[in-house]
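Read through the structure below, which is laid out as structure tokens, and then see the notes.
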Amino acid sequence: MDTVYDVAVVGGGIAGYTAALTLVHFKREVLWIGTTPFGEKLRAAERVNNFPSFMGTGEEFAALLTRQAEREQVPFTKGRVDGIYAVGNEFLITCGKISYKARCVVLATGVDFRRMKGEDEFLGRGVSYCAVCDGALYKGKRIACVLASPEYEEETEYLAGFAREVLAFPLYRGANFRAPNIVIMDDEPVSVKGDSRATALACKREEYPVDGVFLLKDASLKALVGGLETEGGHVRVGLDMSTNLKGLYAAGDVTGKPYQYVKAAGEGSKAAYSVHDFLLRAKENP
Ligand SMILES: Cc1cc2nc3c(=O)[nH]c(=O)nc-3n(C[C@H](O)[C@H](O)[C@H](O)COP(=O)(O)OP(=O)(O)OC[C@H]3O[C@@H](n4cnc5c(N)ncnc54)[C@H](O)[C@@H]3O)c2cc1C
């Protein structure tokens, strides 16, 4: 926590990687943090045939990038960022109980295609992305957890330590929990319903009355960075990839279409140059 990085690059995809690689070449102190090195989407691609000089599967692409990251010494930190806060001239980046400090941030968190109706409307009013932050608010209550992947099973068990009953809706097969008050539901969540607060999770077959809904997946932009200007679900950026928040840049799918590796990598590089310039200017005019 005492280290103040020059820059925190948030997001493990190709936009984040290219930004981190370029900044390492500029000899900057870089924290490159994300859920999966090179991103889940890149690894999932059956065939990539539109990235200059590469033809092969997503996994082969990731293997080449792994070799390059090792050779160029671009270390990856595994973590899911749940908050980015501007504090004075620095940013505080939180991942559950761990936090980091950096002078600049490159936001490269990609896009989330799985947004649910009511998610934004009830955020902070019964909808949460963060078990550690909000779990204690649901002592003795009945809650629903929608899990994007098995990685979130531990957080669901943590919530079961507070809640009376947890209805778990895994969006994958083979979920497994150790807490007796977790019930695995076989229904597909569609929307969060309520009035002044969330009161139910509506699914394809049934509507389940609950006191809170935990959406255990990457946080929305709105929840991640307070005050960040967005447009149509994407971060609004200038030509230099700057956002409305001083020192915070964005790159890749998070800034809008086309959703392509080459565009994401290009923007990652551009954001890195802008960060480097910003830090040079900040040094000249402290
Ligand atoms: C199946 C599939 C095949 C595709 N094939 C092609 C293709 O052939 N050619 C092509 O050009 N494009 C293709 N695409 C599109 C391409 O994958 C995207 O344009 C590209 O991955 C965008 O890179 P990115 O770095 O902006 O975002 P992503 O690759 O989405 O990376 C963002 C990363 O940030 C992580 N993240 C999000 N929030 C947080 C947080 N709060 N804390 C930490 N980490 C976080 C995400 O989990 C993810 O790992 C394909 C997409 C899919 C889904």
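Labels for the structure tokens follow display order: chains A, B, ..., residues from 1 in each chain, ligands from 1.
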Taking only C-alpha atoms and all ligand atoms into account, produce a table as a Markdown table in which each residue of chain A with an atom at most 6 Å from an atom of ligand 1 appears once, together with its shortest atom pair and the distance in Å to one decimal, ordered by chain and rising number.
| residue | atom | partner | partner_atom_place_in_ligand_line | distance |
| --- | --- | --- | --- | --- |
| A:Val10 | CA | ligand 1 | 43 (C) | 5.7 |
| A:Gly11 | CA | ligand 1 | 34 (O) | 3.4 |
| A:Gly12 | CA | ligand 1 | 33 (C) | 4.5 |
| A:Gly13 | CA | ligand 1 | 31 (O) | 3.3 |
| A:Ile14 | CA | ligand 1 | 25 (O) | 4.0 |
| A:Ala15 | CA | ligand 1 | 25 (O) | 3.8 |
| A:Gly16 | CA | ligand 1 | 25 (O) | 5.5 |
| A:Gly34 | CA | ligand 1 | 44 (N) | 3.6 |
| A:Thr35 | CA | ligand 1 | 44 (N) | 4.6 |
| A:Thr36 | CA | ligand 1 | 49 (O) | 4.9 |
| A:Gly39 | CA | ligand 1 | 49 (O) | 3.5 |
| A:Glu40 | CA | ligand 1 | 49 (O) | 5.3 |
| A:Lys41 | CA | ligand 1 | 53 (C) | 4.5 |
| A:Leu42 | CA | ligand 1 | 17 (O) | 4.8 |
| A:Ala44 | CA | ligand 1 | 1 (C) | 5.0 |
| A:Ala45 | CA | ligand 1 | 3 (C) | 3.9 |
| A:Arg47 | CA | ligand 1 | 8 (O) | 5.7 |
| A:Val48 | CA | ligand 1 | 8 (O) | 3.8 |
| A:Asn49 | CA | ligand 1 | 8 (O) | 5.9 |
| A:Asn50 | CA | ligand 1 | 9 (N) | 5.7 |
| A:Gly79 | CA | ligand 1 | 43 (C) | 5.7 |
| A:Arg80 | CA | ligand 1 | 42 (N) | 3.7 |
| A:Val81 | CA | ligand 1 | 42 (N) | 3.8 |
| A:Asp82 | CA | ligand 1 | 41 (N) | 5.5 |
| A:Ala108 | CA | ligand 1 | 26 (O) | 5.6 |
| A:Thr109 | CA | ligand 1 | 34 (O) | 3.7 |
| A:Gly110 | CA | ligand 1 | 27 (O) | 3.5 |
| A:Val111 | CA | ligand 1 | 30 (O) | 5.8 |
| A:Asp218 | CA | ligand 1 | 38 (N) | 4.6 |
| A:Ala219 | CA | ligand 1 | 41 (N) | 5.4 |
| A:Gly252 | CA | ligand 1 | 26 (O) | 3.3 |
| A:Asp253 | CA | ligand 1 | 26 (O) | 3.9 |
| A:Val254 | CA | ligand 1 | 26 (O) | 5.9 |
| A:Tyr259 | CA | ligand 1 | 19 (O) | 3.6 |
| A:Gln260 | CA | ligand 1 | 11 (O) | 3.3 |
| A:Tyr261 | CA | ligand 1 | 11 (O) | 4.0 |
| A:Val262 | CA | ligand 1 | 11 (O) | 5.9 |
| A:Ala264 | CA | ligand 1 | 26 (O) | 4.9 |
With N, CA and C atoms retained, could you export that selection as a short mmCIF file (atom, residue, chain, number, x, y, z; two decimals), in the first residue's frame?
data_model
loop_
_atom_site.label_atom_id
_atom_site.label_comp_id
_atom_site.auth_asym_id
_atom_site.auth_seq_id
_atom_site.Cartn_x
_atom_site.Cartn_y
_atom_site.Cartn_z
N VAL A 10 -6.00 -1.12 -15.31
CA VAL A 10 -7.04 -2.01 -14.79
C VAL A 10 -7.71 -2.74 -15.95
N GLY A 11 -7.54 -4.07 -15.97
CA GLY A 11 -8.09 -4.89 -17.05
C GLY A 11 -6.98 -5.69 -17.69
N GLY A 12 -7.20 -7.01 -17.73
CA GLY A 12 -6.14 -7.90 -18.21
C GLY A 12 -6.17 -8.16 -19.70
N GLY A 13 -7.14 -7.59 -20.43
CA GLY A 13 -7.27 -7.88 -21.87
C GLY A 13 -6.15 -7.24 -22.69
N ILE A 14 -6.32 -7.29 -23.99
CA ILE A 14 -5.24 -6.84 -24.87
C ILE A 14 -5.05 -5.32 -24.80
N ALA A 15 -6.12 -4.57 -24.49
CA ALA A 15 -5.96 -3.12 -24.35
C ALA A 15 -5.09 -2.82 -23.12
N GLY A 16 -5.43 -3.48 -22.02
CA GLY A 16 -4.66 -3.27 -20.79
C GLY A 16 -3.22 -3.74 -20.95
N GLY A 34 -5.88 -7.37 -13.22
CA GLY A 34 -7.10 -7.84 -13.88
C GLY A 34 -7.47 -9.22 -13.41
N THR A 35 -8.55 -9.73 -13.98
CA THR A 35 -9.04 -11.05 -13.56
C THR A 35 -8.28 -12.19 -14.26
N THR A 36 -7.98 -12.01 -15.55
CA THR A 36 -7.33 -13.07 -16.34
C THR A 36 -6.29 -12.42 -17.25
N GLY A 39 -7.26 -11.67 -20.90
CA GLY A 39 -8.73 -11.61 -20.98
C GLY A 39 -9.37 -12.91 -21.38
N GLU A 40 -10.58 -13.10 -20.89
CA GLU A 40 -11.34 -14.33 -21.17
C GLU A 40 -11.77 -14.37 -22.63
N LYS A 41 -12.07 -13.19 -23.21
CA LYS A 41 -12.59 -13.17 -24.58
C LYS A 41 -11.53 -13.59 -25.57
N LEU A 42 -10.32 -13.11 -25.36
CA LEU A 42 -9.24 -13.47 -26.28
C LEU A 42 -9.00 -14.99 -26.22
N ALA A 44 -11.15 -17.18 -25.53
CA ALA A 44 -12.32 -17.92 -26.02
C ALA A 44 -12.41 -17.93 -27.55
N ALA A 45 -11.65 -17.08 -28.23
CA ALA A 45 -11.81 -16.97 -29.69
C ALA A 45 -11.38 -18.27 -30.37
N ARG A 47 -10.89 -18.69 -33.61
CA ARG A 47 -9.90 -18.41 -34.64
C ARG A 47 -9.74 -16.89 -34.74
N VAL A 48 -8.50 -16.45 -34.74
CA VAL A 48 -8.26 -15.01 -34.91
C VAL A 48 -7.55 -14.85 -36.24
N ASN A 49 -8.19 -14.12 -37.17
CA ASN A 49 -7.51 -13.98 -38.46
C ASN A 49 -7.51 -12.53 -38.95
N ASN A 50 -7.73 -11.60 -38.01
CA ASN A 50 -7.72 -10.19 -38.43
C ASN A 50 -6.76 -9.35 -37.60
N GLY A 79 -6.53 -9.75 -9.74
CA GLY A 79 -7.41 -9.08 -8.78
C GLY A 79 -8.60 -8.47 -9.48
N ARG A 80 -9.68 -8.38 -8.75
CA ARG A 80 -10.88 -7.75 -9.32
C ARG A 80 -11.08 -6.41 -8.60
N VAL A 81 -10.92 -5.35 -9.35
CA VAL A 81 -11.00 -4.00 -8.78
C VAL A 81 -12.47 -3.67 -8.52
N ASP A 82 -12.79 -3.20 -7.30
CA ASP A 82 -14.18 -2.84 -7.04
C ASP A 82 -14.39 -1.35 -6.83
N ALA A 108 -9.28 -0.36 -18.66
CA ALA A 108 -9.36 -1.21 -19.85
C ALA A 108 -10.15 -2.46 -19.49
N THR A 109 -11.37 -2.24 -19.00
CA THR A 109 -12.14 -3.35 -18.42
C THR A 109 -13.09 -4.02 -19.41
N GLY A 110 -13.03 -3.65 -20.68
CA GLY A 110 -13.85 -4.33 -21.69
C GLY A 110 -15.33 -4.00 -21.52
N VAL A 111 -16.18 -4.79 -22.19
CA VAL A 111 -17.63 -4.56 -22.07
C VAL A 111 -18.30 -5.79 -21.49
N ASP A 218 -17.89 -8.64 -12.75
CA ASP A 218 -17.17 -7.37 -12.75
C ASP A 218 -18.16 -6.22 -12.58
N ALA A 219 -17.77 -5.22 -11.78
CA ALA A 219 -18.66 -4.11 -11.48
C ALA A 219 -18.95 -3.26 -12.71
N GLY A 252 -9.75 0.42 -25.29
CA GLY A 252 -10.31 -0.88 -25.65
C GLY A 252 -11.82 -0.86 -25.78
N ASP A 253 -12.44 -2.03 -25.66
CA ASP A 253 -13.90 -2.15 -25.83
C ASP A 253 -14.66 -1.19 -24.93
N VAL A 254 -14.06 -0.86 -23.77
CA VAL A 254 -14.76 -0.01 -22.80
C VAL A 254 -15.07 1.37 -23.37
N TYR A 259 -15.56 -3.61 -31.54
CA TYR A 259 -14.93 -4.48 -30.55
C TYR A 259 -13.94 -5.39 -31.29
N GLN A 260 -12.71 -4.96 -31.36
CA GLN A 260 -11.68 -5.66 -32.13
C GLN A 260 -10.35 -5.59 -31.37
N TYR A 261 -9.57 -6.66 -31.49
CA TYR A 261 -8.27 -6.69 -30.80
C TYR A 261 -7.38 -5.53 -31.25
N VAL A 262 -7.37 -5.31 -32.55
CA VAL A 262 -6.43 -4.33 -33.09
C VAL A 262 -6.78 -2.92 -32.61
N ALA A 264 -8.42 -2.30 -29.79
CA ALA A 264 -8.16 -2.28 -28.34
C ALA A 264 -6.66 -2.08 -28.08
#
Item to check | Contacts of Ala163 in chain A at 10 Å (only C-alpha atoms; same-chain gap of 2+ positions) as JSON, numbers by chain | outcome: {"A": [135, 136, 137, 138, 139, 140, 141, 142, 143, 144, 157, 158, 159, 160, 161, 165, 166, 181, 182, 211, 212]}
Write the selection just made, keeping C-alpha atoms, as a CSV table (one decimal), in the first residue's frame?
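Ended up saving to result.csv:
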chain,number,residue,atom,x,y,z
A,135,GLY,CA,-22.4,-8.4,3.1
A,136,ALA,CA,-22.9,-7.2,6.7
A,137,LEU,CA,-26.0,-5.2,5.7
A,138,TYR,CA,-27.9,-8.4,5.1
A,139,LYS,CA,-27.6,-10.1,8.5
A,140,GLY,CA,-30.5,-12.5,8.9
A,141,LYS,CA,-32.0,-11.6,5.5
A,142,ARG,CA,-32.8,-13.5,2.4
A,143,ILE,CA,-30.7,-12.6,-0.6
A,144,ALA,CA,-30.1,-13.7,-4.1
A,157,GLU,CA,-20.2,-18.6,1.0
A,158,TYR,CA,-19.0,-15.4,2.7
A,159,LEU,CA,-22.4,-13.8,2.3
A,160,ALA,CA,-24.0,-17.0,3.7
A,161,GLY,CA,-22.2,-16.2,6.9
A,165,GLU,CA,-30.9,-17.8,3.2
A,166,VAL,CA,-28.9,-17.4,0.0
A,181,ASN,CA,-28.1,-22.1,3.9
A,182,ILE,CA,-27.2,-21.7,0.2
A,211,ASP,CA,-34.0,-8.3,0.5
A,212,GLY,CA,-30.9,-7.9,-1.7
Checklist entry - What is the CA of Val237 in chain A-CA of Ser269 in chain A distance in Å, reported with one decimal? => result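 Computed distance, CA of Val237 in chain A to CA of Ser269 in chain A, equals 14.5 Å.
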Next on the checklist: From a backbone DSSP assignment, name each residue in range 142-279 of chain A labelled alpha helix (DSSP H), as a ChimeraX atom specification.
Outcome noted: /A:153-160,221-224,261-279
Could those residues be written to a file, using C-alpha atoms, as a tab-separated table (two decimals), in the first residue's frame?
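The result, stored in result_38.tsv:
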chain	number	residue	atom	x	y	z
A	153	GLU	CA	-18.45	-19.28	-4.95
A	154	GLU	CA	-16.21	-18.21	-2.07
A	155	GLU	CA	-17.86	-14.76	-1.97
A	156	THR	CA	-21.29	-16.42	-1.93
A	157	GLU	CA	-20.23	-18.56	1.05
A	158	TYR	CA	-18.95	-15.40	2.74
A	159	LEU	CA	-22.41	-13.83	2.27
A	160	ALA	CA	-24.04	-16.99	3.66
A	221	LEU	CA	-18.53	1.45	-14.83
A	222	LYS	CA	-20.90	3.54	-12.73
A	223	ALA	CA	-20.10	1.52	-9.61
A	224	LEU	CA	-16.39	1.26	-10.38
A	261	TYR	CA	-8.27	-6.69	-30.80
A	262	VAL	CA	-6.43	-4.33	-33.09
A	263	LYS	CA	-8.51	-1.32	-32.03
A	264	ALA	CA	-8.16	-2.28	-28.34
A	265	ALA	CA	-4.38	-2.69	-28.65
A	266	GLY	CA	-4.06	0.61	-30.55
A	267	GLU	CA	-6.00	2.49	-27.90
A	268	GLY	CA	-3.96	0.84	-25.14
A	269	SER	CA	-0.79	2.16	-26.76
A	270	LYS	CA	-2.30	5.63	-27.25
A	271	ALA	CA	-3.43	5.77	-23.60
A	272	ALA	CA	0.10	4.80	-22.51
A	273	TYR	CA	1.65	7.68	-24.49
A	274	SER	CA	-0.88	10.08	-22.96
A	275	VAL	CA	-0.13	8.83	-19.43
A	276	HIS	CA	3.60	9.24	-20.06
A	277	ASP	CA	3.05	12.85	-21.27
A	278	PHE	CA	0.76	13.59	-18.34
A	279	LEU	CA	3.39	12.39	-15.85
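Shortest separation to Ala251 in chain A among A:Val132, A:Gly174, A:Asp6, A:Ala20 occurs at residue A:Ala20, atoms counted being only C-alpha atoms.
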Checklist entry - Would you give me, as a PyMOL selection string, the residues in range 67-240 of chain A that DSSP reads as strand (DSSP E or B)? => result chain A and resi 77-78+83-87+90-95+98-107+117+123+127-128+142-147+165-170+182-184+189-194+198-203+207-209+212-216+225+230-231+234-235
Mind writing the picked residues with C-alpha atoms as a PDB file, in the first residue's frame?
ATOM      1  CA  THR A  77      -1.423  -8.954 -10.709  1.00  0.00           C
ATOM      2  CA  LYS A  78      -4.566 -11.024 -10.361  1.00  0.00           C
ATOM      3  CA  GLY A  83     -13.469   0.867  -6.712  1.00  0.00           C
ATOM      4  CA  ILE A  84     -11.292   3.617  -8.213  1.00  0.00           C
ATOM      5  CA  TYR A  85     -11.270   6.851  -6.242  1.00  0.00           C
ATOM      6  CA  ALA A  86      -9.507  10.152  -6.968  1.00  0.00           C
ATOM      7  CA  VAL A  87      -7.852  11.249  -3.712  1.00  0.00           C
ATOM      8  CA  GLU A  90      -3.550  10.187  -6.709  1.00  0.00           C
ATOM      9  CA  PHE A  91      -5.958   7.362  -7.285  1.00  0.00           C
ATOM     10  CA  LEU A  92      -6.885   4.734  -4.732  1.00  0.00           C
ATOM     11  CA  ILE A  93      -7.674   1.407  -6.364  1.00  0.00           C
ATOM     12  CA  THR A  94      -9.472  -1.112  -4.161  1.00  0.00           C
ATOM     13  CA  CYS A  95      -9.844  -4.882  -4.576  1.00  0.00           C
ATOM     14  CA  ILE A  98      -6.458  -4.839  -0.680  1.00  0.00           C
ATOM     15  CA  SER A  99      -5.796  -1.349  -2.017  1.00  0.00           C
ATOM     16  CA  TYR A 100      -3.199   0.277  -4.259  1.00  0.00           C
ATOM     17  CA  LYS A 101      -2.204   3.851  -5.057  1.00  0.00           C
ATOM     18  CA  ALA A 102      -1.273   5.280  -8.449  1.00  0.00           C
ATOM     19  CA  ARG A 103      -0.787   8.695 -10.033  1.00  0.00           C
ATOM     20  CA  CYS A 104      -2.699   7.715 -13.185  1.00  0.00           C
ATOM     21  CA  VAL A 105      -5.124   5.009 -14.225  1.00  0.00           C
ATOM     22  CA  VAL A 106      -5.788   3.330 -17.559  1.00  0.00           C
ATOM     23  CA  LEU A 107      -9.233   1.769 -17.483  1.00  0.00           C
ATOM     24  CA  LYS A 117     -32.789  -4.959 -16.270  1.00  0.00           C
ATOM     25  CA  LEU A 123     -27.505  -0.174  -7.526  1.00  0.00           C
ATOM     26  CA  VAL A 127     -28.210  -4.345  -5.685  1.00  0.00           C
ATOM     27  CA  SER A 128     -24.520  -4.823  -4.947  1.00  0.00           C
ATOM     28  CA  ARG A 142     -32.826 -13.525   2.401  1.00  0.00           C
ATOM     29  CA  ILE A 143     -30.651 -12.613  -0.553  1.00  0.00           C
ATOM     30  CA  ALA A 144     -30.058 -13.734  -4.121  1.00  0.00           C
ATOM     31  CA  CYS A 145     -26.595 -14.147  -5.639  1.00  0.00           C
ATOM     32  CA  VAL A 146     -26.111 -14.306  -9.390  1.00  0.00           C
ATOM     33  CA  LEU A 147     -22.666 -15.818 -10.054  1.00  0.00           C
ATOM     34  CA  GLU A 165     -30.850 -17.796   3.239  1.00  0.00           C
ATOM     35  CA  VAL A 166     -28.942 -17.382  -0.015  1.00  0.00           C
ATOM     36  CA  LEU A 167     -30.584 -18.222  -3.325  1.00  0.00           C
ATOM     37  CA  ALA A 168     -27.661 -18.912  -5.668  1.00  0.00           C
ATOM     38  CA  PHE A 169     -28.135 -18.547  -9.421  1.00  0.00           C
ATOM     39  CA  PRO A 170     -24.913 -19.791 -11.046  1.00  0.00           C
ATOM     40  CA  ILE A 182     -27.201 -21.735   0.169  1.00  0.00           C
ATOM     41  CA  VAL A 183     -29.863 -23.083  -2.174  1.00  0.00           C
ATOM     42  CA  ILE A 184     -28.804 -23.638  -5.796  1.00  0.00           C
ATOM     43  CA  PRO A 189     -32.418 -14.335 -13.764  1.00  0.00           C
ATOM     44  CA  VAL A 190     -33.981 -11.686 -15.968  1.00  0.00           C
ATOM     45  CA  SER A 191     -34.439  -8.501 -13.915  1.00  0.00           C
ATOM     46  CA  VAL A 192     -34.286  -6.917 -10.492  1.00  0.00           C
ATOM     47  CA  LYS A 193     -37.633  -5.565  -9.337  1.00  0.00           C
ATOM     48  CA  GLY A 194     -38.648  -3.232  -6.524  1.00  0.00           C
ATOM     49  CA  ALA A 198     -34.931  -3.989  -4.730  1.00  0.00           C
ATOM     50  CA  THR A 199     -37.495  -6.458  -3.425  1.00  0.00           C
ATOM     51  CA  ALA A 200     -37.331  -9.379  -5.867  1.00  0.00           C
ATOM     52  CA  LEU A 201     -35.302 -11.161  -8.491  1.00  0.00           C
ATOM     53  CA  ALA A 202     -37.482 -11.983 -11.474  1.00  0.00           C
ATOM     54  CA  CYS A 203     -36.433 -15.092 -13.372  1.00  0.00           C
ATOM     55  CA  GLU A 207     -40.178 -14.234  -9.227  1.00  0.00           C
ATOM     56  CA  TYR A 208     -38.234 -14.636  -5.943  1.00  0.00           C
ATOM     57  CA  PRO A 209     -38.836 -12.128  -3.097  1.00  0.00           C
ATOM     58  CA  GLY A 212     -30.945  -7.867  -1.707  1.00  0.00           C
ATOM     59  CA  VAL A 213     -29.369  -9.056  -4.953  1.00  0.00           C
ATOM     60  CA  PHE A 214     -25.618  -9.588  -5.286  1.00  0.00           C
ATOM     61  CA  LEU A 215     -24.454  -9.585  -8.894  1.00  0.00           C
ATOM     62  CA  LEU A 216     -21.122 -11.344  -8.555  1.00  0.00           C
ATOM     63  CA  VAL A 225     -15.504   4.915 -10.925  1.00  0.00           C
ATOM     64  CA  THR A 230     -20.198   7.591 -20.064  1.00  0.00           C
ATOM     65  CA  GLU A 231     -22.238   7.509 -23.230  1.00  0.00           C
ATOM     66  CA  HIS A 234     -19.075   3.262 -22.886  1.00  0.00           C
ATOM     67  CA  VAL A 235     -16.526   5.636 -21.365  1.00  0.00           C
TER      68      VAL A 235
END
Checklist entry - Closest to Ala8 in chain A among A:Val24, A:Val74, A:Ile33, A:Leu171, using only C-alpha atoms? => result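 Closest candidate: A:Ile33.
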